[in-house]
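Colleague: Sending over a structure as structure tokens; questions will come in a sec.
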Amino acid sequence: MNAYWQCLCGIVIREWLRFVLQRTRFLSALVRPLLWLLVFAAGFRAALGIAIIAPYDTYITYETYIVPGLACMILLFNGMQGSLSMVYDREMGSMRVLLTSPLPRAFLLASKLLATALISLLQVYAFLAIAWVYGVQPPAWGLLAALPALLLVAVLLSAMGLLLSNGIRQLENFAGVMNFVIFPLFFLSSALYPLWKMRESSQWLYWLCALNPFSHAVELVRFALYERFNGLAMGVCLVLTVIFSVLAVISFNPQHAAVRRPS
Amino acid sequence: MNALQATGISFAYGARQALQQVSFCLAPGRFTALLGPNGAGKSTLIALLTRLYDLHQGELHVYGHSLQRQPREALRQLGVVFQQSTLDLDLSVEQNLRYHAALHGMPKALATARIEAELSRQHLQERRRDKVRDLNGGHRRRVEIARALLHQPRLLLLDEASVGLDPASRQALLAHVRQLCREQALSVLWTTHLLDEVQHDDALLVLHQGQLVANDDASAIAGTVGLAHAFADLTVGCAPRTTASDRQPLGAQNTPHKSDQVSEQP
């Protein structure tokens, strides 16, 4: 058991060291949601009125509404990017080192997913701190209550990313993932607009959004941030995390990348 | 017990066959060179040995442990230096070694002692806090060897470890690995495409177009005509010859290689 703990700690520490060393990457990961919050939301505030909806007790600004969605957007980008790099490109070297460990491959991959998720949480809380200063201030206990929700969502999205990179051969670069995975997941969700608004516009778009796992991830975090529990969102996220993680580990094969790109 | 036993290994990249029915044994405590032109299948063999690729045909045993059925026991016996550096350039030498120790589940105190010992052996104590990015190619390779030996494996695999090094660093690296082999009874599989990295007392495997075309002592394969002639003969004819007894006299009609570097066959 101790060997497993040492291994997990080693993988998390390595991710932490890389995070500390790559400050520019950290800053650039923050710029994206901040642009949405400070520019896009400011522009849309007047155009989009938000009615009182759960978990909010009163009328809220548009900025307040989109903060949980933007927090999940950080996790979405990090999860997809991290998982893809596990299989392709420059991470190939470190992946080879990881796989020479005598510990089970499933444990190694799960540890890597968890380590990536933990580092993503730091970025999310840095974003929430800036949003706090900007004026979006969820309850202090809500910030704590959101921690397990954010961790679950981070692992869910990383596992989804790993599963996609294992199974879909056309996803050769991050631009393709942006267009065909990240943007549809993000825009067809409750991250930027409440689903009742979407229902007013289009019934079938509403159903796409309602079925989108990312919508449940956003709602789980939104409710947790305001000290509320969303059982449906929790159930969906938990079940999908288990399914995606198991499938991702079973289907993981770095040989795919090598066979696609024989050197 | 053999350090490594490969039996009937075949592997294909789609329609392209990379290895065909490769079988050989590595004697324990011996330096074995695996020689072959670029594209001969050396790196594919290393990828199979390190479980990067799944083995679908054949058997691999490391000190008696099946890589397919007992991967944990087999991998514990293996230290690997890959062709392309797998060190994290932005981390220090010590941080890279600690990461590897953690991957092998070593407790912190044991990892500290082993790192100290390996850095001392590689004469790298002064560089332990330096970022790998700041080391030259020769030192990086030494760090990779230190890392590969950290968990005290009995078989060390080096996949074209001298690529990219200047001649002096290359010779120093090779001498160092041979010394490890002699002094610690470490079994070594050294893959290369450079003839001058093979010594006459080495065991030698020659791989060509995915087939093992020679498996003997280097001196026996070289015969009276020298290794360059013998290698040219082996890799042009591509007729498998595995023991000294079935080796034909190497023809003087073969033109010798002007360079010591083996070129890809057309």
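Labels for the structure tokens follow display order: chains A, B, ..., residues from 1 in each chain, ligands from 1.
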With only C-alpha atoms considered, list every residue of chain B at most 8 Å from chain A, as a list in words.

Modeller: Tyr13, Gly14, Thr50, Arg51, Leu52, Tyr53, Asp54, Pro71, Arg72, Glu73, Ala74, Leu75, Arg76, Gln84, Ser85, Thr86, Leu87, Asp88, Asp90, Leu91, Arg98, Tyr99, His100, Ala102, Leu103, His104, Gly105, Met106 and Pro107 of chain B

Colleague: Please provide the set of residues having any atom within 10 Å of Asn212 of chain A, restricted to only C-alpha atoms, with same-chain residues fewer than 3 positions apart removed, written as a list in words.

Modeller: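 My reading of the contact set: Pro184, Leu185, Phe186, Leu188, Ser189, Ser190, Tyr206, Trp207, Leu208, Cys209, Ser215, His216 and Ala217 of chain A.
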
Colleague: Go ahead and write the selection's residues with N, CA and C atoms as a short mmCIF file (atom, residue, chain, number, x, y, z; two decimals), in the first residue's frame.

Modeller:
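Generated output (selection13.cif):
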```
data_model
loop_
_atom_site.label_atom_id
_atom_site.label_comp_id
_atom_site.auth_asym_id
_atom_site.auth_seq_id
_atom_site.Cartn_x
_atom_site.Cartn_y
_atom_site.Cartn_z
N PRO A 184 -18.70 22.60 -28.54
CA PRO A 184 -20.06 22.06 -28.39
C PRO A 184 -20.43 21.78 -26.94
N LEU A 185 -19.51 21.20 -26.19
CA LEU A 185 -19.81 20.90 -24.78
C LEU A 185 -20.10 22.19 -24.01
N PHE A 186 -19.31 23.21 -24.29
CA PHE A 186 -19.42 24.46 -23.53
C PHE A 186 -20.68 25.24 -23.93
N LEU A 188 -23.34 24.20 -25.63
CA LEU A 188 -24.60 23.46 -25.45
C LEU A 188 -24.77 23.07 -23.98
N SER A 189 -24.55 24.03 -23.11
CA SER A 189 -24.65 23.73 -21.67
C SER A 189 -25.27 24.92 -20.96
N SER A 190 -25.42 24.78 -19.66
CA SER A 190 -25.99 25.87 -18.87
C SER A 190 -24.90 26.81 -18.37
N TYR A 206 -32.61 22.79 -26.37
CA TYR A 206 -32.77 22.64 -24.93
C TYR A 206 -32.46 21.20 -24.49
N TRP A 207 -32.99 20.25 -25.25
CA TRP A 207 -32.75 18.86 -24.88
C TRP A 207 -31.29 18.46 -25.03
N LEU A 208 -30.65 18.99 -26.07
CA LEU A 208 -29.21 18.73 -26.21
C LEU A 208 -28.46 19.25 -24.99
N CYS A 209 -28.84 20.46 -24.56
CA CYS A 209 -28.17 21.06 -23.39
C CYS A 209 -28.47 20.25 -22.13
N SER A 215 -23.41 20.25 -18.69
CA SER A 215 -24.45 21.02 -18.00
C SER A 215 -24.58 20.55 -16.55
N HIS A 216 -24.54 19.24 -16.37
CA HIS A 216 -24.66 18.70 -15.01
C HIS A 216 -23.43 19.06 -14.18
N ALA A 217 -22.27 19.07 -14.83
CA ALA A 217 -21.05 19.46 -14.11
C ALA A 217 -21.17 20.91 -13.64
#
```

Colleague: Considering only C-alpha atoms, return as a list of chain:residue names whatever protein or nucleic-acid residues lie within 8 Å of Leu143 of chain A, sequence-local ones (same chain, fewer than 4 positions apart) excluded.

Modeller: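 My list of contacting residues is A:Pro138, A:Pro139, A:Leu147, A:Ala224, A:Leu225.
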
Colleague: Give the answer as one residue: which of B:Arg129, B:Arg154, B:Arg142, B:His229 has the shortest atom-to-atom distance to Arg170 of chain B, using only C-alpha atoms?

Modeller: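 Nearest to Arg170 of chain B: B:Arg142.
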
Colleague: At what distance in Å, to one decimal, does atom CA of Tyr226 of chain A lie from atom CA of Leu151 of chain A?

Modeller: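 Value for the atom CA of Leu151 of chain A-atom CA of Tyr226 of chain A distance: 16.5 Å.
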
Colleague: Taking the DSSP assignment computed from this structure's backbone, write out as number ranges by chain all residues of segment 72-110 of chain B that belong to strand (DSSP E).

Modeller: B: 78-81

Colleague: Please measure the separation of atom CA of Trp190 of chain B and atom CA of Gln21 of chain B, giving the value in Å to one decimal.

Modeller: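 Interatomic distance, atom CA of Trp190 of chain B to atom CA of Gln21 of chain B: 20.5 Å.
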
Colleague: To one decimal in Å, tell me the separation between atom CA of Met73 of chain A and atom CA of Phe252 of chain A.

Modeller: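 It comes out at 24.7 Å.
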
Colleague: If you run DSSP on this backbone, which residues of segment 19-259 of chain A come out as alpha helix (DSSP H), and could you give them as a count of residues only?

Modeller: 176

Colleague: Show which residues sit within 9 Å of Gly82 of chain A, as an mmCIF file with N, CA and C atoms, in the first residue's frame. Count only C-alpha atoms, and ignore same-chain residues fewer than 4 positions away.

Modeller:
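Written output follows (selection_3.cif):
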```
data_model
loop_
_atom_site.group_PDB
_atom_site.id
_atom_site.type_symbol
_atom_site.label_atom_id
_atom_site.label_comp_id
_atom_site.auth_asym_id
_atom_site.auth_seq_id
_atom_site.Cartn_x
_atom_site.Cartn_y
_atom_site.Cartn_z
ATOM 1 N N PHE A 77 -10.930 22.787 -20.399
ATOM 2 C CA PHE A 77 -9.730 22.987 -21.223
ATOM 3 C C PHE A 77 -8.553 22.196 -20.652
ATOM 4 N N ASN A 78 -8.342 22.319 -19.343
ATOM 5 C CA ASN A 78 -7.202 21.620 -18.732
ATOM 6 C C ASN A 78 -7.332 20.112 -18.866
ATOM 7 N N MET A 86 -1.145 13.387 -22.694
ATOM 8 C CA MET A 86 -0.672 12.128 -22.120
ATOM 9 C C MET A 86 -0.375 11.113 -23.215
ATOM 10 N N LEU A 113 -4.439 11.318 -13.746
ATOM 11 C CA LEU A 113 -5.677 12.086 -13.898
ATOM 12 C C LEU A 113 -5.948 12.900 -12.629
ATOM 13 N N THR A 116 -3.481 15.867 -12.340
ATOM 14 C CA THR A 116 -3.862 16.948 -13.258
ATOM 15 C C THR A 116 -5.068 17.699 -12.701
ATOM 16 N N SER A 158 -11.192 15.085 -17.265
ATOM 17 C CA SER A 158 -9.900 14.495 -17.655
ATOM 18 C C SER A 158 -10.105 13.085 -18.190
ATOM 19 N N GLY A 161 -11.520 13.255 -21.573
ATOM 20 C CA GLY A 161 -10.472 13.622 -22.526
ATOM 21 C C GLY A 161 -9.602 12.437 -22.888
ATOM 22 N N LEU A 162 -9.242 11.647 -21.883
ATOM 23 C CA LEU A 162 -8.385 10.482 -22.137
ATOM 24 C C LEU A 162 -9.132 9.454 -22.987
#
```

Colleague: Restricting the calculation to only C-alpha atoms: of A:Val67, A:Ser83, A:Tyr59, A:Glu227, which residue gets closest to Leu114 of chain A?

Modeller: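 Under the stated criterion, the closest residue is A:Ser83.
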
Colleague: Please identify all polymer residues within 6 Å of Leu19 of chain B, counting only C-alpha atoms, omitting same-chain residues fewer than 3 positions from it, and present them as a PyMOL selection string.

Modeller: chain B and resi 10-11+210

Colleague: Please produce a file of those selected residues containing C-alpha atoms, as a PDB file, in the first residue's frame.

Modeller:
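Contents of the output file result_20.pdb:
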```
ATOM      1  CA  SER B  10       6.517 -10.740 -34.144  1.00  0.00           C
ATOM      2  CA  PHE B  11       5.053  -7.258 -34.431  1.00  0.00           C
ATOM      3  CA  GLY B 210      12.730  -7.245 -38.578  1.00  0.00           C
TER       4      GLY B 210
END
```

Colleague: Considering only C-alpha atoms, return as a PyMOL selection string whatever protein or nucleic-acid residues lie within 12 Å of segment 35-47 of chain A, sequence-local ones (same chain, fewer than 6 positions apart) excluded.

Modeller: chain A and resi 28-29+60-71+73-74+127-128+130-136+191-193

Colleague: Identify, on the basis of only C-alpha atoms, every residue whose closest approach to Thr7 of chain B does not exceed 7 Å; exclude the query and any residue fewer than 6 positions from it along the same chain; express the result as a PDB file with C-alpha atoms, in the first residue's frame.

Modeller:
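selection-v7.pdb, freshly written:
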```
ATOM      1  CA  VAL B  22      12.631 -13.007 -33.335  1.00  0.00           C
ATOM      2  CA  SER B  23      14.032 -15.373 -30.713  1.00  0.00           C
ATOM      3  CA  PHE B  24      17.161 -14.997 -28.583  1.00  0.00           C
ATOM      4  CA  GLY B  58       5.660 -14.443 -28.854  1.00  0.00           C
ATOM      5  CA  GLU B  59       6.935 -14.488 -25.280  1.00  0.00           C
ATOM      6  CA  LEU B  60       9.293 -12.242 -23.338  1.00  0.00           C
TER       7      LEU B  60
END
```

Colleague: Rank A:Leu121, A:Val236, A:Ile52, A:Ala126 by their smallest atom-to-atom distance to Val31 of chain A, using only C-alpha atoms, and report the top residue only.

Modeller: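 The shortest atom-to-atom distance to Val31 of chain A comes from A:Ala126.
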